[in-house]
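Here is coords.csv, consisting of CSV, C-alpha atoms and all ligand atoms:
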chain,number,residue,atom,x,y,z
A,4,LYS,CA,-83.1,-113.2,162.4
A,5,LEU,CA,-79.6,-112.9,160.8
A,6,GLN,CA,-76.8,-113.9,163.1
A,7,PRO,CA,-73.3,-112.5,162.9
A,8,VAL,CA,-70.9,-114.7,160.9
A,9,PHE,CA,-68.2,-114.1,163.5
A,10,SER,CA,-67.0,-111.2,165.5
A,11,ALA,CA,-65.1,-109.0,163.2
A,12,LEU,CA,-65.0,-106.5,165.9
A,13,GLU,CA,-62.0,-107.8,167.8
A,14,ILE,CA,-59.6,-107.6,164.9
A,15,GLY,CA,-56.7,-105.2,165.4
A,16,GLY,CA,-57.4,-105.0,169.1
A,17,VAL,CA,-60.5,-102.9,168.6
A,18,ARG,CA,-63.2,-104.2,170.9
A,19,ILE,CA,-66.6,-102.7,170.6
A,20,GLY,CA,-68.8,-105.6,171.4
A,21,LYS,CA,-72.2,-104.6,172.7
A,22,ASP,CA,-71.1,-104.5,176.3
A,23,ASP,CA,-67.6,-103.2,176.2
A,24,VAL,CA,-68.0,-100.3,173.8
A,25,VAL,CA,-67.0,-96.8,174.3
A,26,ARG,CA,-70.3,-95.8,172.8
A,27,ASP,CA,-71.0,-93.1,175.3
A,28,ASP,CA,-68.3,-90.9,173.7
A,29,PRO,CA,-70.1,-87.6,172.9
A,30,THR,CA,-68.8,-87.7,169.3
A,31,ASN,CA,-70.4,-91.2,168.7
A,32,ASN,CA,-73.3,-90.9,166.3
A,33,VAL,CA,-73.8,-94.7,165.6
A,34,PRO,CA,-77.5,-95.6,166.3
A,35,ASP,CA,-78.4,-99.1,167.5
A,36,SER,CA,-79.9,-100.0,164.2
A,37,ILE,CA,-76.5,-99.6,162.6
A,38,PHE,CA,-74.5,-101.0,165.4
A,39,SER,CA,-76.5,-104.2,165.3
A,40,LYS,CA,-75.4,-104.7,161.6
A,41,LEU,CA,-71.7,-104.9,162.5
A,42,GLY,CA,-70.3,-108.4,162.0
A,43,LEU,CA,-73.2,-109.7,159.8
A,44,GLN,CA,-70.9,-109.9,156.8
A,45,LEU,CA,-73.5,-110.7,154.1
A,46,HIS,CA,-70.6,-110.8,151.6
A,47,ARG,CA,-69.1,-113.8,153.3
A,48,ARG,CA,-72.3,-116.0,152.9
A,49,ASP,CA,-72.0,-118.2,149.8
A,50,GLN,CA,-75.8,-118.6,149.6
A,51,HIS,CA,-76.5,-114.9,149.8
A,52,PRO,CA,-76.8,-112.8,146.6
A,53,LEU,CA,-73.9,-110.6,147.8
A,54,GLY,CA,-71.7,-113.7,148.5
A,55,ILE,CA,-72.6,-115.3,145.2
A,56,LEU,CA,-71.7,-112.0,143.4
A,57,LYS,CA,-68.4,-111.7,145.2
A,58,ASN,CA,-67.4,-115.2,144.2
A,59,ALA,CA,-68.4,-114.5,140.6
A,60,ILE,CA,-66.2,-111.4,140.5
A,61,TYR,CA,-63.4,-113.4,142.0
A,62,ASN,CA,-63.8,-115.9,139.2
A,63,TYR,CA,-63.6,-113.2,136.6
A,64,PHE,CA,-60.3,-111.9,138.0
A,65,ASP,CA,-58.9,-115.5,138.4
A,66,ALA,CA,-59.8,-116.3,134.8
A,67,ASN,CA,-58.6,-113.1,133.2
A,68,TYR,CA,-55.4,-112.2,134.9
A,69,SER,CA,-52.2,-114.1,135.2
A,70,ALA,CA,-51.1,-111.9,138.1
A,71,LYS,CA,-53.1,-113.1,141.0
A,72,PHE,CA,-55.3,-110.6,142.8
A,73,VAL,CA,-55.0,-111.0,146.5
A,74,LYS,CA,-58.4,-111.1,148.2
A,75,PHE,CA,-59.4,-109.6,151.5
A,76,ASP,CA,-62.9,-109.9,152.8
A,77,ASP,CA,-62.7,-109.7,156.6
A,78,LEU,CA,-60.8,-106.5,157.3
A,79,CYS,CA,-62.3,-104.7,160.3
A,80,PRO,CA,-64.9,-102.1,159.3
A,81,ILE,CA,-63.9,-99.8,162.2
A,82,VAL,CA,-61.0,-97.7,160.9
A,83,SER,CA,-59.2,-94.5,161.8
A,84,THR,CA,-60.1,-91.2,160.2
A,85,LYS,CA,-56.6,-91.2,158.8
A,86,ALA,CA,-57.2,-94.5,156.9
A,87,ASN,CA,-60.7,-93.5,155.8
A,88,PHE,CA,-59.9,-90.0,154.7
A,89,ASP,CA,-56.3,-88.7,155.0
A,90,ASP,CA,-54.6,-91.6,153.4
A,91,VAL,CA,-56.7,-91.2,150.3
A,92,LEU,CA,-56.2,-87.5,150.2
A,93,VAL,CA,-59.7,-86.4,151.2
A,94,PRO,CA,-59.4,-82.7,152.0
A,95,ALA,CA,-59.9,-81.6,155.6
A,96,ASP,CA,-63.1,-79.7,154.8
A,97,HIS,CA,-64.6,-82.3,152.5
A,98,VAL,CA,-68.4,-83.0,153.2
A,99,SER,CA,-67.8,-86.7,153.5
A,100,ARG,CA,-65.9,-86.2,156.8
A,101,SER,CA,-68.9,-84.5,158.5
A,102,TYR,CA,-71.0,-86.1,161.2
A,103,ASN,CA,-73.9,-85.6,158.8
A,104,ASP,CA,-72.4,-88.1,156.3
A,105,THR,CA,-70.2,-90.5,158.3
A,106,TYR,CA,-70.7,-92.6,161.4
A,107,TYR,CA,-68.1,-91.8,164.1
A,108,ILE,CA,-67.2,-94.1,167.0
A,109,ASP,CA,-65.1,-91.3,168.4
A,110,ALA,CA,-63.3,-88.3,166.9
A,111,GLN,CA,-60.6,-90.4,165.4
A,112,THR,CA,-62.5,-93.5,164.6
A,113,VAL,CA,-65.2,-94.2,162.0
A,114,LEU,CA,-67.2,-97.0,160.5
A,115,ARG,CA,-65.5,-97.0,157.1
A,116,CYS,CA,-67.6,-95.2,154.5
A,117,HIS,CA,-65.8,-96.9,151.6
A,118,THR,CA,-63.4,-99.8,151.1
A,119,SER,CA,-60.8,-97.3,149.8
A,120,ALA,CA,-60.0,-96.9,153.5
A,121,HIS,CA,-57.7,-100.0,153.0
A,122,GLN,CA,-55.9,-98.9,149.9
A,123,ALA,CA,-52.9,-97.1,151.3
A,124,GLU,CA,-52.2,-99.7,154.1
A,125,LEU,CA,-52.3,-102.6,151.6
A,126,LEU,CA,-50.1,-100.7,149.2
A,127,ARG,CA,-47.6,-100.0,152.0
A,128,ARG,CA,-47.5,-103.7,152.7
A,129,GLY,CA,-46.4,-104.3,149.2
A,130,ASN,CA,-49.6,-105.5,147.5
A,131,THR,CA,-49.8,-104.6,143.8
A,132,HIS,CA,-53.0,-106.5,142.7
A,133,PHE,CA,-55.8,-106.8,145.3
A,134,LEU,CA,-59.5,-106.9,145.9
A,135,VAL,CA,-61.1,-105.8,149.2
A,136,THR,CA,-64.7,-106.6,150.0
A,137,GLY,CA,-66.5,-105.3,153.0
A,138,ASP,CA,-69.5,-103.7,154.6
A,139,VAL,CA,-69.4,-99.9,154.5
A,140,TYR,CA,-71.5,-97.3,156.4
A,141,ARG,CA,-73.0,-94.0,155.4
A,142,ARG,CA,-75.6,-91.6,156.6
A,143,ASP,CA,-77.6,-91.2,153.4
A,144,SER,CA,-81.0,-90.7,151.9
A,145,ILE,CA,-83.7,-93.4,151.8
A,146,ASP,CA,-84.9,-95.0,148.6
A,147,SER,CA,-84.8,-98.4,146.8
A,148,THR,CA,-81.1,-98.1,145.9
A,149,HIS,CA,-79.7,-96.4,149.1
A,150,TYR,CA,-79.2,-98.1,152.5
A,151,PRO,CA,-77.0,-96.9,155.4
A,152,VAL,CA,-75.1,-100.1,155.4
A,153,PHE,CA,-74.0,-101.6,152.1
A,154,HIS,CA,-71.1,-103.5,150.6
A,155,GLN,CA,-68.3,-102.5,148.3
A,156,MET,CA,-65.5,-104.3,146.5
A,157,GLU,CA,-62.3,-102.3,146.0
A,158,GLY,CA,-59.9,-103.3,143.3
A,159,VAL,CA,-56.4,-102.0,142.8
A,160,ARG,CA,-53.8,-102.8,140.2
A,161,VAL,CA,-50.3,-101.3,140.1
A,162,PHE,CA,-48.2,-101.2,136.9
A,163,SER,CA,-44.5,-100.9,136.4
A,164,PRO,CA,-42.9,-98.7,133.8
A,165,ASN,CA,-42.1,-101.6,131.4
A,166,GLU,CA,-45.8,-102.4,131.2
A,167,TRP,CA,-46.9,-99.1,129.7
A,168,GLU,CA,-43.6,-98.2,127.9
A,169,ALA,CA,-44.1,-101.0,125.4
A,170,SER,CA,-47.6,-99.7,124.6
A,171,GLY,CA,-46.6,-96.3,123.3
A,172,MET,CA,-49.2,-94.7,125.5
A,173,ASP,CA,-48.5,-92.4,128.4
A,174,ALA,CA,-48.8,-94.1,131.8
A,175,THR,CA,-52.2,-92.5,132.7
A,176,THR,CA,-53.8,-93.3,129.4
A,177,TYR,CA,-52.5,-96.8,129.6
A,178,ALA,CA,-53.9,-97.3,133.1
A,179,ALA,CA,-57.3,-95.7,132.3
A,180,THR,CA,-57.7,-97.8,129.1
A,181,ASP,CA,-56.8,-101.0,131.0
A,182,LEU,CA,-59.2,-100.1,133.8
A,183,LYS,CA,-62.2,-99.5,131.5
A,184,LYS,CA,-61.4,-102.7,129.6
A,185,CYS,CA,-61.3,-104.6,132.9
A,186,LEU,CA,-64.6,-103.3,134.2
A,187,GLU,CA,-66.4,-103.6,130.8
A,188,GLY,CA,-65.2,-107.2,130.7
A,189,LEU,CA,-66.5,-107.7,134.3
A,190,ALA,CA,-69.9,-106.3,133.3
A,191,ARG,CA,-70.1,-108.7,130.3
A,192,HIS,CA,-69.0,-111.6,132.5
A,193,LEU,CA,-71.8,-110.9,135.0
A,194,PHE,CA,-74.6,-109.6,132.8
A,195,GLY,CA,-73.9,-110.5,129.2
A,196,ALA,CA,-75.4,-107.7,127.2
A,197,VAL,CA,-76.5,-104.8,129.3
A,198,GLU,CA,-77.0,-101.1,128.6
A,199,MET,CA,-74.2,-99.1,130.3
A,200,ARG,CA,-72.4,-95.8,130.0
A,201,TRP,CA,-69.3,-94.1,131.5
A,202,VAL,CA,-69.7,-90.7,133.2
A,203,ASP,CA,-66.8,-88.5,134.1
A,204,THR,CA,-66.7,-87.6,137.8
A,205,TYR,CA,-64.4,-86.5,140.6
A,206,PHE,CA,-62.8,-88.3,143.5
A,207,PRO,CA,-60.0,-86.9,145.7
A,208,PHE,CA,-58.0,-90.1,145.2
A,209,THR,CA,-58.1,-90.6,141.4
A,210,ASN,CA,-57.5,-88.6,138.3
A,211,PRO,CA,-59.1,-89.0,135.9
A,212,SER,CA,-62.2,-90.5,137.6
A,213,PHE,CA,-65.2,-92.3,136.2
A,214,GLU,CA,-68.5,-93.8,137.2
A,215,LEU,CA,-70.2,-96.6,135.4
A,216,GLU,CA,-74.0,-96.5,135.1
A,217,ILE,CA,-76.3,-99.4,134.1
A,218,TYR,CA,-79.9,-98.9,132.9
A,219,PHE,CA,-82.2,-100.5,135.5
A,220,GLN,CA,-85.8,-100.1,136.5
A,221,GLU,CA,-86.2,-97.2,133.9
A,222,LYS,CA,-83.3,-95.2,135.3
A,223,TRP,CA,-79.5,-95.0,135.0
A,224,LEU,CA,-78.1,-96.6,138.2
A,225,GLU,CA,-74.6,-95.8,139.3
A,226,VAL,CA,-72.9,-99.1,140.1
A,227,LEU,CA,-69.2,-98.1,140.7
A,228,GLY,CA,-66.6,-95.4,140.9
A,229,CYS,CA,-63.0,-95.7,139.6
A,230,GLY,CA,-60.0,-94.0,138.2
A,231,VAL,CA,-56.3,-93.7,137.9
A,232,MET,CA,-54.8,-93.5,141.4
A,233,GLU,CA,-53.4,-90.1,142.4
A,234,GLN,CA,-49.6,-90.3,142.2
A,235,GLU,CA,-49.2,-89.0,145.8
A,236,ILE,CA,-50.8,-92.1,147.2
A,237,LEU,CA,-48.4,-94.3,145.3
A,238,LYS,CA,-45.4,-92.1,146.3
A,239,ARG,CA,-46.3,-92.3,150.0
A,240,SER,CA,-46.6,-96.0,149.9
A,241,GLY,CA,-43.2,-96.5,148.3
A,242,ASN,CA,-44.3,-97.0,144.7
A,243,LEU,CA,-42.3,-94.1,143.2
A,244,ASP,CA,-42.2,-94.9,139.5
A,245,LYS,CA,-45.5,-96.7,139.3
A,246,VAL,CA,-49.0,-96.0,138.0
A,247,ALA,CA,-52.2,-97.7,139.3
A,248,TRP,CA,-55.9,-97.9,138.7
A,249,ALA,CA,-58.5,-98.4,141.4
A,250,PHE,CA,-62.2,-99.0,141.5
A,251,GLY,CA,-65.0,-99.3,144.1
A,252,LEU,CA,-68.0,-101.4,143.2
A,253,GLY,CA,-71.4,-101.1,144.9
A,254,LEU,CA,-72.2,-104.8,145.4
A,255,GLU,CA,-75.9,-104.3,146.2
A,256,ARG,CA,-76.3,-102.2,143.0
A,257,LEU,CA,-74.7,-104.9,140.9
A,258,ALA,CA,-76.6,-107.6,142.6
A,259,MET,CA,-79.9,-105.8,142.0
A,260,VAL,CA,-79.2,-105.7,138.3
A,261,LEU,CA,-77.9,-109.3,138.2
A,262,PHE,CA,-80.8,-110.9,140.1
A,263,GLN,CA,-83.4,-108.3,139.3
A,264,ILE,CA,-83.9,-107.5,143.0
A,265,PRO,CA,-86.2,-104.4,143.1
A,266,ASP,CA,-85.4,-103.0,146.6
A,267,ILE,CA,-82.1,-102.8,148.6
A,268,ARG,CA,-83.8,-103.7,151.9
A,269,LEU,CA,-84.3,-107.2,150.6
A,270,PHE,CA,-80.6,-108.0,151.1
A,271,TRP,CA,-81.3,-107.9,154.9
A,272,SER,CA,-84.3,-110.2,154.8
A,273,SER,CA,-84.2,-113.5,156.5
A,274,ASP,CA,-87.6,-114.4,155.0
A,275,GLU,CA,-87.3,-117.9,153.4
A,276,ARG,CA,-89.2,-116.7,150.4
A,277,PHE,CA,-86.2,-114.5,149.7
A,278,THR,CA,-83.3,-116.6,150.9
A,279,SER,CA,-84.5,-119.8,149.3
A,280,GLN,CA,-84.3,-118.3,145.8
A,281,PHE,CA,-80.5,-118.1,145.9
A,282,SER,CA,-77.9,-120.8,146.0
A,283,LYS,CA,-74.1,-121.1,145.9
A,284,GLY,CA,-72.6,-120.4,142.5
A,285,GLN,CA,-76.0,-119.7,140.8
A,286,LEU,CA,-75.7,-116.6,138.8
A,287,GLY,CA,-78.5,-117.0,136.3
A,288,VAL,CA,-81.3,-116.7,138.9
A,289,LYS,CA,-83.9,-114.0,138.5
A,290,PHE,CA,-85.6,-113.1,141.7
A,291,LYS,CA,-89.4,-113.6,141.8
A,292,ALA,CA,-91.2,-111.1,143.9
A,293,PHE,CA,-93.2,-113.1,146.4
A,294,SER,CA,-95.5,-110.2,147.2
A,295,LYS,CA,-96.5,-106.9,145.9
A,296,PHE,CA,-98.0,-105.2,148.8
A,297,PRO,CA,-99.2,-101.6,148.1
A,298,PRO,CA,-97.1,-98.8,149.6
A,299,CYS,CA,-98.8,-96.3,151.9
A,300,TYR,CA,-97.8,-92.6,151.6
A,301,LYS,CA,-97.8,-90.1,154.5
A,302,ASP,CA,-96.8,-86.5,154.1
A,303,MET,CA,-95.2,-84.4,156.7
A,304,SER,CA,-94.5,-80.6,156.6
A,305,PHE,CA,-92.4,-78.5,158.9
A,306,TRP,CA,-90.5,-75.2,159.1
A,307,ILE,CA,-86.8,-76.1,159.1
A,308,SER,CA,-84.0,-74.5,161.1
A,309,ASP,CA,-80.4,-73.8,159.9
A,310,SER,CA,-79.2,-77.1,161.4
A,311,PHE,CA,-81.7,-79.2,159.5
A,312,THR,CA,-80.4,-81.9,157.2
A,313,GLU,CA,-82.1,-84.6,155.2
A,314,ASN,CA,-79.7,-87.3,156.5
A,315,ASN,CA,-80.7,-86.5,160.1
A,316,LEU,CA,-84.4,-86.8,159.1
A,317,CYS,CA,-83.8,-90.1,157.4
A,318,GLU,CA,-82.0,-91.5,160.3
A,319,ILE,CA,-84.9,-90.7,162.7
A,320,ILE,CA,-87.4,-92.3,160.3
A,321,ARG,CA,-85.2,-95.4,160.0
A,322,ALA,CA,-84.9,-95.6,163.8
A,323,VAL,CA,-88.7,-95.6,164.2
A,324,ALA,CA,-89.8,-97.5,161.1
A,325,GLY,CA,-86.8,-99.7,160.4
A,326,ASP,CA,-87.1,-101.5,157.1
A,327,LEU,CA,-90.8,-100.6,156.8
A,328,VAL,CA,-89.8,-97.3,155.3
A,329,GLU,CA,-89.2,-97.5,151.5
A,330,GLU,CA,-88.6,-94.0,150.5
A,331,VAL,CA,-88.4,-90.4,151.8
A,332,GLN,CA,-88.8,-87.8,149.2
A,333,LEU,CA,-88.9,-84.0,149.4
A,334,ILE,CA,-92.0,-83.0,147.5
A,335,ASP,CA,-92.4,-79.3,148.4
A,336,ASN,CA,-89.9,-76.6,149.4
A,337,PHE,CA,-90.7,-72.9,149.8
A,338,THR,CA,-89.5,-69.8,151.7
A,339,ASN,CA,-92.1,-67.3,152.9
A,340,LYS,CA,-91.8,-63.5,153.1
A,341,LYS,CA,-90.4,-63.7,156.7
A,342,GLY,CA,-87.6,-65.9,155.3
A,343,MET,CA,-88.9,-69.1,157.0
A,344,THR,CA,-88.4,-72.3,154.9
A,345,SER,CA,-90.9,-75.1,154.8
A,346,HIS,CA,-90.2,-78.6,153.6
A,347,CYS,CA,-92.8,-81.3,152.9
A,348,TYR,CA,-91.6,-84.9,152.8
A,349,ARG,CA,-93.5,-87.8,151.5
A,350,ILE,CA,-92.7,-91.0,153.3
A,351,ALA,CA,-93.6,-94.3,151.6
A,352,TYR,CA,-94.2,-97.2,154.0
A,353,ARG,CA,-94.2,-100.8,152.7
A,354,SER,CA,-93.2,-104.1,154.1
A,355,MET,CA,-91.4,-106.5,151.7
A,356,GLU,CA,-92.9,-109.4,153.6
A,357,ARG,CA,-96.5,-108.7,154.6
A,358,SER,CA,-99.5,-106.3,154.5
A,359,LEU,CA,-99.3,-103.4,156.9
A,360,THR,CA,-102.5,-102.3,158.6
A,361,ASP,CA,-103.7,-98.7,158.7
A,362,GLU,CA,-103.4,-98.7,162.5
A,363,GLU,CA,-99.8,-99.8,162.3
A,364,ILE,CA,-98.9,-97.1,159.7
A,365,ASN,CA,-100.7,-94.4,161.7
A,366,GLN,CA,-98.8,-95.4,164.8
A,367,LEU,CA,-95.5,-95.3,162.9
A,368,GLN,CA,-96.2,-92.0,161.4
A,369,GLY,CA,-97.3,-90.6,164.8
A,370,ASN,CA,-94.0,-91.8,166.3
A,371,VAL,CA,-92.0,-90.4,163.5
A,372,ARG,CA,-93.7,-87.0,164.0
A,373,GLU,CA,-93.0,-87.1,167.7
A,374,GLU,CA,-89.3,-88.0,167.2
A,375,VAL,CA,-88.9,-85.4,164.5
A,376,HIS,CA,-90.5,-82.8,166.7
A,377,SER,CA,-88.3,-83.6,169.8
A,378,LYS,CA,-85.0,-84.3,168.1
A,379,LEU,CA,-84.8,-82.1,165.0
A,380,ASN,CA,-85.5,-78.6,166.1
A,381,VAL,CA,-88.2,-78.0,163.5
A,382,VAL,CA,-91.7,-76.7,163.7
A,383,LEU,CA,-94.3,-79.2,162.5
A,384,ARG,CA,-97.1,-77.7,160.4
A,401,LIG,C1,-66.6,-94.5,146.5
A,401,LIG,O1,-67.0,-94.9,147.6
A,401,LIG,C2,-65.2,-94.5,146.1
A,401,LIG,N1,-64.4,-95.0,147.2
A,401,LIG,C3,-65.1,-95.5,144.9
A,401,LIG,C4,-63.7,-95.5,144.2
A,401,LIG,C5,-62.8,-96.4,144.6
A,401,LIG,C6,-63.5,-94.5,143.3
A,401,LIG,C7,-61.5,-96.4,144.0
A,401,LIG,C8,-62.2,-94.5,142.7
A,401,LIG,C9,-61.2,-95.4,143.1
A,401,LIG,P1,-69.0,-93.7,145.8
A,401,LIG,O2,-69.3,-92.9,146.9
A,401,LIG,O3,-69.5,-93.2,144.4
A,401,LIG,O4,-67.5,-93.9,145.6
A,401,LIG,O5,-69.6,-95.2,146.0
A,401,LIG,C10,-69.2,-96.3,145.2
A,401,LIG,C11,-70.5,-97.1,144.9
A,401,LIG,O6,-71.1,-97.5,146.1
A,401,LIG,C12,-71.6,-96.3,144.1
A,401,LIG,O7,-71.3,-96.2,142.8
A,401,LIG,C13,-72.8,-97.1,144.4
A,401,LIG,O8,-72.8,-98.3,143.6
A,401,LIG,C14,-72.5,-97.6,145.8
A,401,LIG,N2,-73.3,-96.8,146.9
A,401,LIG,C15,-73.0,-95.6,147.3
A,401,LIG,N3,-73.8,-95.2,148.3
A,401,LIG,C16,-74.7,-96.2,148.5
A,401,LIG,C17,-75.8,-96.4,149.3
A,401,LIG,N4,-76.2,-95.5,150.3
A,401,LIG,N5,-76.4,-97.6,149.3
A,401,LIG,C18,-76.0,-98.6,148.4
A,401,LIG,N6,-75.0,-98.4,147.5
A,401,LIG,C19,-74.3,-97.3,147.6
A,402,MG,MG,-70.7,-92.0,143.5
Taking this structure as input, can you express it in the form of structure tokens?
Amino acid sequence: KLQPVFSALEIGGVRIGKDDVVRDDPTNNVPDSIFSKLGLQLHRRDQHPLGILKNAIYNYFDANYSAKFVKFDDLCPIVSTKANFDDVLVPADHVSRSYNDTYYIDAQTVLRCHTSAHQAELLRRGNTHFLVTGDVYRRDSIDSTHYPVFHQMEGVRVFSPNEWEASGMDATTYAATDLKKCLEGLARHLFGAVEMRWVDTYFPFTNPSFELEIYFQEKWLEVLGCGVMEQEILKRSGNLDKVAWAFGLGLERLAMVLFQIPDIRLFWSSDERFTSQFSKGQLGVKFKAFSKFPPCYKDMSFWISDSFTENNLCEIIRAVAGDLVEEVQLIDNFTNKKGMTSHCYRIAYRSMERSLTDEEINQLQGNVREEVHSKLNVVLR
């Protein structure tokens, strides 16, 4: 079993150790399965693919920039809603603030849903070049590239007027050009030749905003979001005449491409057949699957109510099946003449480590049905 690296949970006077937490707050929606991941800090283990990747990215920045990027990798994942949302201009009614998307400790405190939660504070403290790596938490769907706890690396670079003035470009174009050059260079440093593309997108904290996608397992995989920082964030942090870029990398996604790791659950495995394949500083390793056990599919149909959400369903399934659930997919959706809506979900069960028995899967599926029935206010069909 993975043991915590150290207790990140006492930083900043926040104590939420197993025994002294305020977890009975009615607004707390953090289940035990998530709570038990706090403090594990996979990104701080030099032998773990995420630690190896973090160090390789550090090397890229050290080698390519004369201005030193200051590195943070143990900032506390428990942050205020102000830091996580307000400080990066997330509107009051944005979906990401909902209890459906974010884990709340109490009404003012969340498990950070992105490393952008630290941007404003670090800018206020006068940092102009920095990288922040950490575990982040989200209620989300279930498949091979989504997990409710994952890791991000934030990068921020602030420019002064003399830097863009000499270029003949306007400040925004200058920053956007430098940003793309930096991230394309990073991709080459990590992968050599790889098929990738830029996609325009929206974030409340950057404009313009982009995502980078890499072709992996026959699909385009989103590996990062980035953009030119909103002027308001710079202004509030005392950087009046500056311009900046920022990015947020999904470390699991990059590591999946880099090491050819087929499923995101593997990062949490303590099976030696996984862990022994990686060692400090070794970037060129391709993961060899030690098993290809067949998945087992179970379908479940029910009439939904207005309060039904897929994230709630996924969390219940994770709570019952843990890492034995590989994917939850909506395969049928219809509304009858009475206006009742039915959903059918296909659940794929598969262990990364061993064969599952029929009994075991039937038991799991039975428990899932029971929990869904009692917790979700739906009518099983
Ligand atoms: C963000 O979190 C922004 N804060 C990124 C950013 C930073 C944009 C700074 C601009 C400036 P997004 O929600 O797209 O963006 O997540 C960033 C990356 O995290 C994704 O591209 C993906 O690689 C990864 N990611 C998101 N959700 C999951 C998940 N459930 N499991 C694993 N990786 C995920
Ligand atoms: Mg995204």
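Taking CA of Arg100 in chain A as the reference point, CA of Gln234 in chain A is found at 22.3 Å.
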Could you build a table of the residues in chain A lying no more than 8 Å from ligand LIG 401 (chain A), giving for each the nearest pair of atoms and their separation in Å rounded to one decimal place, using all atoms listed in the file, ordered by chain and ascending residue number, as a Markdown table?
| residue | atom | partner | partner_atom | distance |
| --- | --- | --- | --- | --- |
| A:Cys116 | CA | A:LIG401 | O1 | 6.9 |
| A:His117 | CA | A:LIG401 | O1 | 4.6 |
| A:Thr118 | CA | A:LIG401 | N1 | 6.3 |
| A:Ser119 | CA | A:LIG401 | N1 | 5.0 |
| A:Ala120 | CA | A:LIG401 | N1 | 7.9 |
| A:Tyr140 | CA | A:LIG401 | N4 | 7.9 |
| A:Arg141 | CA | A:LIG401 | N4 | 6.2 |
| A:Arg142 | CA | A:LIG401 | N4 | 7.4 |
| A:Asp143 | CA | A:LIG401 | N4 | 5.5 |
| A:Ser144 | CA | A:LIG401 | N4 | 7.0 |
| A:Ile145 | CA | A:LIG401 | N4 | 7.9 |
| A:Thr148 | CA | A:LIG401 | C18 | 5.7 |
| A:His149 | CA | A:LIG401 | N5 | 3.5 |
| A:Tyr150 | CA | A:LIG401 | N5 | 4.3 |
| A:Pro151 | CA | A:LIG401 | N4 | 5.3 |
| A:Val152 | CA | A:LIG401 | N5 | 6.7 |
| A:Phe153 | CA | A:LIG401 | C18 | 5.2 |
| A:His154 | CA | A:LIG401 | N6 | 7.1 |
| A:Gln155 | CA | A:LIG401 | O6 | 6.1 |
| A:Glu157 | CA | A:LIG401 | C5 | 6.1 |
| A:Gly158 | CA | A:LIG401 | C7 | 7.1 |
| A:Val159 | CA | A:LIG401 | C7 | 7.7 |
| A:Phe206 | CA | A:LIG401 | C6 | 6.2 |
| A:Phe208 | CA | A:LIG401 | C9 | 6.5 |
| A:Thr209 | CA | A:LIG401 | C8 | 5.8 |
| A:Ser212 | CA | A:LIG401 | C8 | 6.5 |
| A:Phe213 | CA | A:LIG401 | C8 | 7.5 |
| A:Glu214 | CA | A:LIG401 | O7 | 6.7 |
| A:Leu215 | CA | A:LIG401 | O7 | 7.5 |
| A:Leu224 | CA | A:LIG401 | O8 | 7.8 |
| A:Glu225 | CA | A:LIG401 | O7 | 4.8 |
| A:Val226 | CA | A:LIG401 | O8 | 3.6 |
| A:Leu227 | CA | A:LIG401 | O7 | 3.5 |
| A:Gly228 | CA | A:LIG401 | C6 | 4.0 |
| A:Cys229 | CA | A:LIG401 | C8 | 3.4 |
| A:Gly230 | CA | A:LIG401 | C8 | 5.0 |
| A:Val231 | CA | A:LIG401 | C9 | 7.3 |
| A:Met232 | CA | A:LIG401 | C9 | 6.9 |
| A:Trp248 | CA | A:LIG401 | C9 | 7.3 |
| A:Ala249 | CA | A:LIG401 | C9 | 4.4 |
| A:Phe250 | CA | A:LIG401 | C7 | 3.7 |
| A:Gly251 | CA | A:LIG401 | C5 | 3.7 |
| A:Leu252 | CA | A:LIG401 | C11 | 5.3 |
| A:Gly253 | CA | A:LIG401 | O8 | 3.4 |
| A:Leu254 | CA | A:LIG401 | O8 | 6.8 |
| A:Glu255 | CA | A:LIG401 | N6 | 6.1 |
| A:Arg256 | CA | A:LIG401 | O8 | 5.3 |
| A:Leu257 | CA | A:LIG401 | O8 | 7.4 |
| A:Ile267 | CA | A:LIG401 | C18 | 7.4 |
Contacts of range 125-151 of chain A with range 65-74 of chain A up to 8 Å, shortest pair per row, only C-alpha atoms, as a Markdown table:
| residue | atom | partner | partner_atom | distance |
| --- | --- | --- | --- | --- |
| A:Asn130 | CA | A:Val73 | CA | 7.8 |
| A:His132 | CA | A:Phe72 | CA | 4.7 |
| A:Phe133 | CA | A:Val73 | CA | 4.4 |
| A:Leu134 | CA | A:Lys74 | CA | 4.9 |
| A:Val135 | CA | A:Lys74 | CA | 6.0 |
| A:Thr136 | CA | A:Lys74 | CA | 7.9 |
Check: Could you state the separation of CA of Leu45 in chain A and CA of Glu198 in chain A in Å, given to one decimal place?
Finding: 27.5 Å
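Between Ser345 in chain A and the candidates A:Val331, A:Ala169, A:Val323, A:Leu383, the tightest atom-to-atom separation, counting all atoms listed in the file, involves A:Leu383.
Distances from A:Ala292, A:Ile81, A:Val202, A:Met172 to ligand MG 402 (chain A) were compared using all atoms listed in the file, and the smallest one belongs to A:Val202.
From CA of Pro297 in chain A back to CA of Arg353 in chain A, the distance works out to 6.8 Å.
Closest approach to Ala179 in chain A among A:Arg160, A:Arg357, A:His121, A:Arg276: A:Arg160, based on only C-alpha atoms.
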Notebook entry, point to check: For ligand MG 402 (chain A), which residue out of A:Gln220, A:Asn370, A:Ser170, A:Thr204 is the nearest one, using all atoms listed in the file?
Noted result: A:Thr204
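Nearest to Tyr205 in chain A of all the residues A:Val93, A:Cys347, A:Ile217, A:Met355 is A:Val93, counting only C-alpha atoms.
Using all atoms listed in the file, the nearest neighbour of Met199 in chain A within the list A:Val139, A:Val260, A:Leu41, A:Leu237 is A:Val260.
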